[in-house]
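The next block is run_39.cif, given as mmCIF, C-alpha atoms.
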data_target
loop_
_atom_site.group_PDB
_atom_site.id
_atom_site.type_symbol
_atom_site.label_atom_id
_atom_site.label_comp_id
_atom_site.auth_asym_id
_atom_site.auth_seq_id
_atom_site.Cartn_x
_atom_site.Cartn_y
_atom_site.Cartn_z
ATOM 1 C CA MET X 1 401.895 151.868 -12.681
ATOM 2 C CA THR X 2 402.207 151.210 -8.967
ATOM 3 C CA ALA X 3 399.558 151.968 -6.351
ATOM 4 C CA VAL X 4 399.809 151.698 -2.575
ATOM 5 C CA LEU X 5 396.625 150.595 -0.814
ATOM 6 C CA SER X 6 396.194 150.288 2.937
ATOM 7 C CA MET X 7 393.514 148.143 4.564
ATOM 8 C CA MET X 8 391.315 151.252 4.786
ATOM 9 C CA ASP X 9 391.844 151.854 1.063
ATOM 10 C CA TRP X 10 390.721 148.289 0.298
ATOM 11 C CA TRP X 11 387.664 148.828 2.498
ATOM 12 C CA SER X 12 386.915 152.100 0.700
ATOM 13 C CA PHE X 13 387.365 150.311 -2.648
ATOM 14 C CA PHE X 14 384.887 147.595 -1.636
ATOM 15 C CA MET X 15 382.362 150.060 -0.203
ATOM 16 C CA HIS X 16 382.510 152.256 -3.286
ATOM 17 C CA PHE X 17 381.503 149.315 -5.466
ATOM 18 C CA ALA X 18 378.885 148.237 -2.916
ATOM 19 C CA SER X 19 377.296 151.687 -2.977
ATOM 20 C CA LEU X 20 377.430 151.856 -6.773
ATOM 21 C CA SER X 21 375.810 148.440 -6.912
ATOM 22 C CA LEU X 22 372.558 150.001 -5.820
ATOM 23 C CA LEU X 23 372.834 152.616 -8.604
ATOM 24 C CA ALA X 24 373.624 150.146 -11.396
ATOM 25 C CA ILE X 25 370.210 150.488 -12.990
ATOM 26 C CA GLY X 26 370.575 149.364 -16.571
ATOM 27 C CA GLY X 27 373.670 147.313 -15.821
ATOM 28 C CA ALA X 28 377.053 147.809 -14.247
ATOM 29 C CA ILE X 29 378.308 149.716 -17.292
ATOM 30 C CA SER X 30 376.094 152.652 -16.300
ATOM 31 C CA THR X 31 378.342 153.200 -13.250
ATOM 32 C CA ALA X 32 381.537 153.515 -15.313
ATOM 33 C CA PRO X 33 381.739 157.340 -15.078
ATOM 34 C CA ASP X 34 381.724 157.291 -11.282
ATOM 35 C CA ILE X 35 384.130 154.351 -11.116
ATOM 36 C CA HIS X 36 386.469 156.345 -13.387
ATOM 37 C CA ARG X 37 386.151 159.382 -11.129
ATOM 38 C CA PHE X 38 387.009 157.289 -8.071
ATOM 39 C CA VAL X 39 389.808 154.954 -9.224
ATOM 40 C CA VAL X 40 391.448 157.196 -11.857
ATOM 41 C CA ASP X 41 390.808 160.838 -10.999
ATOM 42 C CA GLU X 42 390.657 160.758 -7.189
ATOM 43 C CA GLN X 43 392.674 157.752 -6.006
ATOM 44 C CA HIS X 44 395.065 157.345 -8.976
ATOM 45 C CA TRP X 45 394.971 153.554 -8.613
ATOM 46 C CA LEU X 46 394.539 153.179 -12.405
ATOM 47 C CA ASN X 47 395.384 155.359 -15.368
ATOM 48 C CA ASP X 48 393.014 156.200 -18.239
ATOM 49 C CA ILE X 49 394.471 153.542 -20.525
ATOM 50 C CA GLN X 50 394.029 150.760 -17.950
ATOM 51 C CA PHE X 51 390.466 151.875 -17.232
ATOM 52 C CA THR X 52 389.423 152.117 -20.881
ATOM 53 C CA SER X 53 391.183 148.860 -21.747
ATOM 54 C CA SER X 54 389.346 147.072 -18.929
ATOM 55 C CA ILE X 55 386.000 148.140 -20.324
ATOM 56 C CA ALA X 56 386.942 147.429 -23.949
ATOM 57 C CA LEU X 57 388.262 143.948 -23.163
ATOM 58 C CA ALA X 58 385.227 143.033 -21.046
ATOM 59 C CA GLN X 59 382.775 144.332 -23.634
ATOM 60 C CA GLY X 60 384.535 142.444 -26.420
ATOM 61 C CA ALA X 61 384.540 139.180 -24.470
ATOM 62 C CA PRO X 62 381.509 136.919 -24.357
ATOM 63 C CA GLY X 63 379.558 137.083 -21.143
ATOM 64 C CA PRO X 64 377.834 139.718 -19.018
ATOM 65 C CA ASN X 65 378.922 143.344 -19.181
ATOM 66 C CA VAL X 66 379.748 143.282 -15.451
ATOM 67 C CA LEU X 67 383.057 141.603 -16.334
ATOM 68 C CA PHE X 68 384.684 145.025 -16.579
ATOM 69 C CA ILE X 69 384.242 145.405 -12.813
ATOM 70 C CA GLY X 70 386.384 142.324 -12.256
ATOM 71 C CA LEU X 71 389.027 143.622 -14.660
ATOM 72 C CA ILE X 72 389.141 146.990 -12.916
ATOM 73 C CA GLY X 73 389.542 145.212 -9.568
ATOM 74 C CA TRP X 74 392.229 142.969 -11.087
ATOM 75 C CA ASN X 75 394.164 145.966 -12.435
ATOM 76 C CA VAL X 76 393.920 147.903 -9.153
ATOM 77 C CA GLY X 77 395.163 144.844 -7.260
ATOM 78 C CA LEU X 78 397.894 144.189 -9.794
ATOM 79 C CA ASN X 79 399.070 147.804 -9.500
ATOM 80 C CA ALA X 80 398.998 147.490 -5.692
ATOM 81 C CA GLY X 81 401.085 144.333 -5.904
ATOM 82 C CA GLY X 82 403.720 145.826 -8.161
ATOM 83 C CA GLY X 83 402.530 144.201 -11.390
ATOM 84 C CA PHE X 84 403.527 140.854 -12.843
ATOM 85 C CA ALA X 85 407.181 141.627 -12.114
ATOM 86 C CA SER X 86 406.530 140.976 -8.415
ATOM 87 C CA GLY X 87 405.402 137.423 -9.138
ATOM 88 C CA TRP X 88 402.716 135.752 -7.079
ATOM 89 C CA THR X 89 402.264 138.814 -4.864
ATOM 90 C CA GLY X 90 400.957 140.826 -7.814
ATOM 91 C CA VAL X 91 398.720 137.980 -8.958
ATOM 92 C CA ALA X 92 397.341 137.434 -5.429
ATOM 93 C CA LEU X 93 396.527 141.120 -4.995
ATOM 94 C CA GLY X 94 395.018 141.163 -8.495
ATOM 95 C CA LEU X 95 392.697 138.320 -7.505
ATOM 96 C CA TRP X 96 391.945 140.087 -4.203
ATOM 97 C CA GLY X 97 391.010 143.292 -6.044
ATOM 98 C CA MET X 98 388.820 141.333 -8.455
ATOM 99 C CA LEU X 99 387.050 139.565 -5.574
ATOM 100 C CA LEU X 100 386.401 142.813 -3.685
ATOM 101 C CA ALA X 101 385.138 144.662 -6.755
ATOM 102 C CA MET X 102 382.850 141.866 -7.944
ATOM 103 C CA THR X 103 381.476 141.098 -4.467
ATOM 104 C CA GLY X 104 380.893 144.786 -3.813
ATOM 105 C CA MET X 105 379.132 145.250 -7.146
ATOM 106 C CA LEU X 106 377.021 142.081 -7.063
ATOM 107 C CA LEU X 107 376.002 141.426 -3.460
ATOM 108 C CA PRO X 108 373.851 144.508 -2.630
ATOM 109 C CA SER X 109 372.126 144.756 -6.003
ATOM 110 C CA THR X 110 371.440 141.026 -6.200
ATOM 111 C CA THR X 111 369.941 140.985 -2.722
ATOM 112 C CA LEU X 112 367.821 144.068 -3.411
ATOM 113 C CA ALA X 113 366.739 142.792 -6.842
ATOM 114 C CA TYR X 114 365.661 139.454 -5.420
ATOM 115 C CA PHE X 115 363.410 140.945 -2.761
ATOM 116 C CA ALA X 116 362.164 143.816 -4.938
ATOM 117 C CA ALA X 117 361.306 141.450 -7.805
ATOM 118 C CA ARG X 118 359.325 139.226 -5.463
ATOM 119 C CA TRP X 119 357.450 142.230 -4.110
ATOM 120 C CA GLY X 120 356.985 143.810 -7.553
ATOM 121 C CA HIS X 121 355.683 140.598 -9.087
ATOM 122 C CA HIS X 122 353.194 140.233 -6.280
ATOM 123 C CA ASN X 123 352.066 143.901 -6.706
ATOM 124 C CA ARG X 124 352.565 144.316 -10.475
ATOM 125 C CA ASP X 125 349.124 145.834 -11.050
ATOM 126 C CA LEU X 126 349.606 148.734 -8.640
ATOM 127 C CA PRO X 127 349.889 152.130 -10.397
ATOM 128 C CA ALA X 128 352.995 152.982 -8.357
ATOM 129 C CA VAL X 129 354.821 149.875 -9.613
ATOM 130 C CA ARG X 130 353.913 150.631 -13.245
ATOM 131 C CA SER X 131 354.957 154.285 -12.804
ATOM 132 C CA PHE X 132 358.285 153.292 -11.261
ATOM 133 C CA LYS X 133 359.104 151.044 -14.217
ATOM 134 C CA ALA X 134 358.232 153.808 -16.692
ATOM 135 C CA GLY X 135 360.222 156.408 -14.745
ATOM 136 C CA MET X 136 363.421 154.351 -14.706
ATOM 137 C CA ALA X 137 363.787 154.297 -18.509
ATOM 138 C CA PRO X 138 365.127 157.883 -18.890
ATOM 139 C CA ILE X 139 367.571 157.354 -16.020
ATOM 140 C CA VAL X 140 369.008 154.253 -17.649
ATOM 141 C CA ILE X 141 369.347 156.034 -20.993
ATOM 142 C CA ALA X 142 371.127 158.996 -19.373
ATOM 143 C CA LEU X 143 373.568 156.737 -17.503
ATOM 144 C CA LEU X 144 374.400 154.796 -20.670
ATOM 145 C CA PHE X 145 374.842 158.046 -22.604
ATOM 146 C CA SER X 146 377.276 159.378 -19.991
ATOM 147 C CA THR X 147 379.282 156.141 -20.220
ATOM 148 C CA GLY X 148 379.497 156.491 -24.010
ATOM 149 C CA TRP X 149 380.562 160.112 -23.586
ATOM 150 C CA LEU X 150 383.343 159.127 -21.176
ATOM 151 C CA LEU X 151 384.667 156.327 -23.399
ATOM 152 C CA THR X 152 384.516 158.350 -26.623
ATOM 153 C CA GLY X 153 386.515 161.283 -25.259
ATOM 154 C CA SER X 154 388.976 159.243 -23.220
ATOM 155 C CA HIS X 155 392.191 160.097 -25.055
ATOM 156 C CA ASP X 156 391.965 163.916 -24.999
ATOM 157 C CA ASN X 157 393.306 164.261 -28.527
ATOM 158 C CA PRO X 158 391.106 166.750 -30.437
ATOM 159 C CA ALA X 159 392.567 165.652 -33.783
ATOM 160 C CA LYS X 160 391.138 162.170 -33.235
ATOM 161 C CA ASP X 161 387.911 163.113 -31.453
ATOM 162 C CA GLY X 162 385.873 163.928 -34.575
ATOM 163 C CA PRO X 163 385.869 160.447 -36.098
ATOM 164 C CA LEU X 164 385.246 158.840 -32.696
ATOM 165 C CA TRP X 165 382.258 161.070 -32.002
ATOM 166 C CA LEU X 166 380.895 160.360 -35.487
ATOM 167 C CA LEU X 167 381.358 156.615 -35.007
ATOM 168 C CA SER X 168 379.646 156.794 -31.614
ATOM 169 C CA ALA X 169 376.690 158.721 -33.025
ATOM 170 C CA VAL X 170 376.284 156.368 -35.983
ATOM 171 C CA THR X 171 376.538 153.318 -33.724
ATOM 172 C CA MET X 172 373.925 154.755 -31.376
ATOM 173 C CA LEU X 173 371.535 155.355 -34.275
ATOM 174 C CA VAL X 174 372.106 151.881 -35.723
ATOM 175 C CA VAL X 175 371.421 150.244 -32.348
ATOM 176 C CA TRP X 176 368.336 152.370 -31.826
ATOM 177 C CA LYS X 177 366.777 152.060 -35.295
ATOM 178 C CA THR X 178 367.825 148.578 -36.477
ATOM 179 C CA LYS X 179 368.179 145.068 -35.141
ATOM 180 C CA THR X 180 371.855 144.802 -36.098
ATOM 181 C CA HIS X 181 373.669 142.425 -33.778
ATOM 182 C CA ILE X 182 376.083 144.163 -31.397
ATOM 183 C CA LEU X 183 378.951 141.865 -32.403
ATOM 184 C CA VAL X 184 378.706 143.174 -35.975
ATOM 185 C CA LEU X 185 379.090 146.724 -34.664
ATOM 186 C CA LEU X 186 382.007 145.712 -32.439
ATOM 187 C CA ALA X 187 383.736 144.042 -35.401
ATOM 188 C CA MET X 188 383.218 147.139 -37.555
ATOM 189 C CA GLY X 189 384.616 149.365 -34.794
ATOM 190 C CA ALA X 190 387.619 147.059 -34.406
ATOM 191 C CA LEU X 191 388.220 147.154 -38.156
ATOM 192 C CA LEU X 192 388.033 150.967 -38.229
ATOM 193 C CA GLY X 193 390.463 151.089 -35.307
ATOM 194 C CA ALA X 194 392.848 148.606 -36.935
ATOM 195 C CA LEU X 195 392.839 150.704 -40.083
ATOM 196 C CA GLY X 196 393.680 153.776 -37.997
ATOM 197 C CA TRP X 197 390.532 155.665 -38.955
ATOM 198 C CA VAL X 198 389.358 156.097 -35.360
#
Would you mind writing the structure in this file as structure tokens?
Amino acid sequence: MTAVLSMMDWWSFFMHFASLSLLAIGGAISTAPDIHRFVVDEQHWLNDIQFTSSIALAQGAPGPNVLFIGLIGWNVGLNAGGGFASGWTGVALGLWGMLLAMTGMLLPSTTLAYFAARWGHHNRDLPAVRSFKAGMAPIVIALLFSTGWLLTGSHDNPAKDGPLWLLSAVTMLVVWKTKTHILVLLAMGALLGALGWV
């Protein structure tokens, strides 16, 4: 896939991640639905397979879940550079896209979190601070649920949707009700996928 990005497009790309950074309550993964809307549905800089693969690869790799932001930036840049076939131009634009996406996602939220945490720690006994913390929990759950919804129905093949929805529901219940390590669930999902069951 090839994408053409002007300097204004790169600025828009950076600013979109910077604005989402302030909404990434519960982690960067909670912003995946809006990132999908922007880079896949509106701008057509990535296709569904590239988007879903970026998230799956980042979630399967060790490290923070924000890695998928870097992979999305890498893939947008790689598409803008003409892919690996264009040589170092594609790689350079891939690195540029990764830098813009990660800086946009990390800089505003890190700055805000630093100052808010200092203020919140100093005022932790205020009723407003305790209420704010309690009120954020349902928002985080809803954002994570919408991300799961997007990833489960990503292939638009109704014949395959049933087992994926069942696997998603079972996984959600196991995470909620048990202390099963997430890597065990990822390995089981990979095995079910390798066997062609989902």
Inset, instruction - Enumerate, as a ChimeraX atom specification, the residues matched when the PyMOL selection byres ((chain X and resi 100) around 12) is run on the file above. - result: /X:9-18,69-74,76-77,93-99,101-107
Legend entry - Selection near Ser168 of chain X, 12 Å with all atoms listed in the file, sequence-local residues under 5 positions removed, as an MDAnalysis selection string: chainID X and resid 145 147:153 161:163 173:175 185:186 188:189 198
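Minimum distance to Ser19 of chain X across X:Ala113, X:Ile35, X:Val4, X:Leu57 (counting only C-alpha atoms) occurs at X:Ile35.
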Inset, instruction - Can you give me, as number ranges by chain, the residues this file yields under the PyMOL selection byres ((chain X and resi 59-62) around 12)? - result: X: 28-29, 52-58, 63-69, 71, 182-187, 189-190
Inset, instruction - Name the residues within 12 Å of (401.8, 141.1, -9.1), counting all atoms listed in the file in the file's coordinates, and put them as a ChimeraX atom specification. - result: /X:1-3,74-97
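Using all atoms listed in the file, the protein and nucleic acid residues lying no more than 12 Å from segment 130-133 of chain X, apart from those fewer than 3 places from it along its own chain, are Ile25, Gly26, Ala117, Gly120, His121, Asn123, Arg124, Asp125, Leu126, Pro127, Met136, Ala137, Pro138, Ile139 and Val140 of chain X.
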Inset, instruction - Identify which of the residues X:Ser6, X:Lys179, X:Asp34, X:Val170 lies closest to Ser21 of chain X, counting all atoms listed in the file when measuring atom-to-atom distances. - result: X:Asp34
Return as lines of an AutoDock Vina configuration file the centre and edge lengths, in Å with one decimal, of the box along x, y and z that encloses every atom of segment 68-85 of chain X in the file, padded by 5 Å per side.
center_x = 395.7
center_y = 144.4
center_z = -11.1
size_x = 32.9
size_y = 17.0
size_z = 20.9
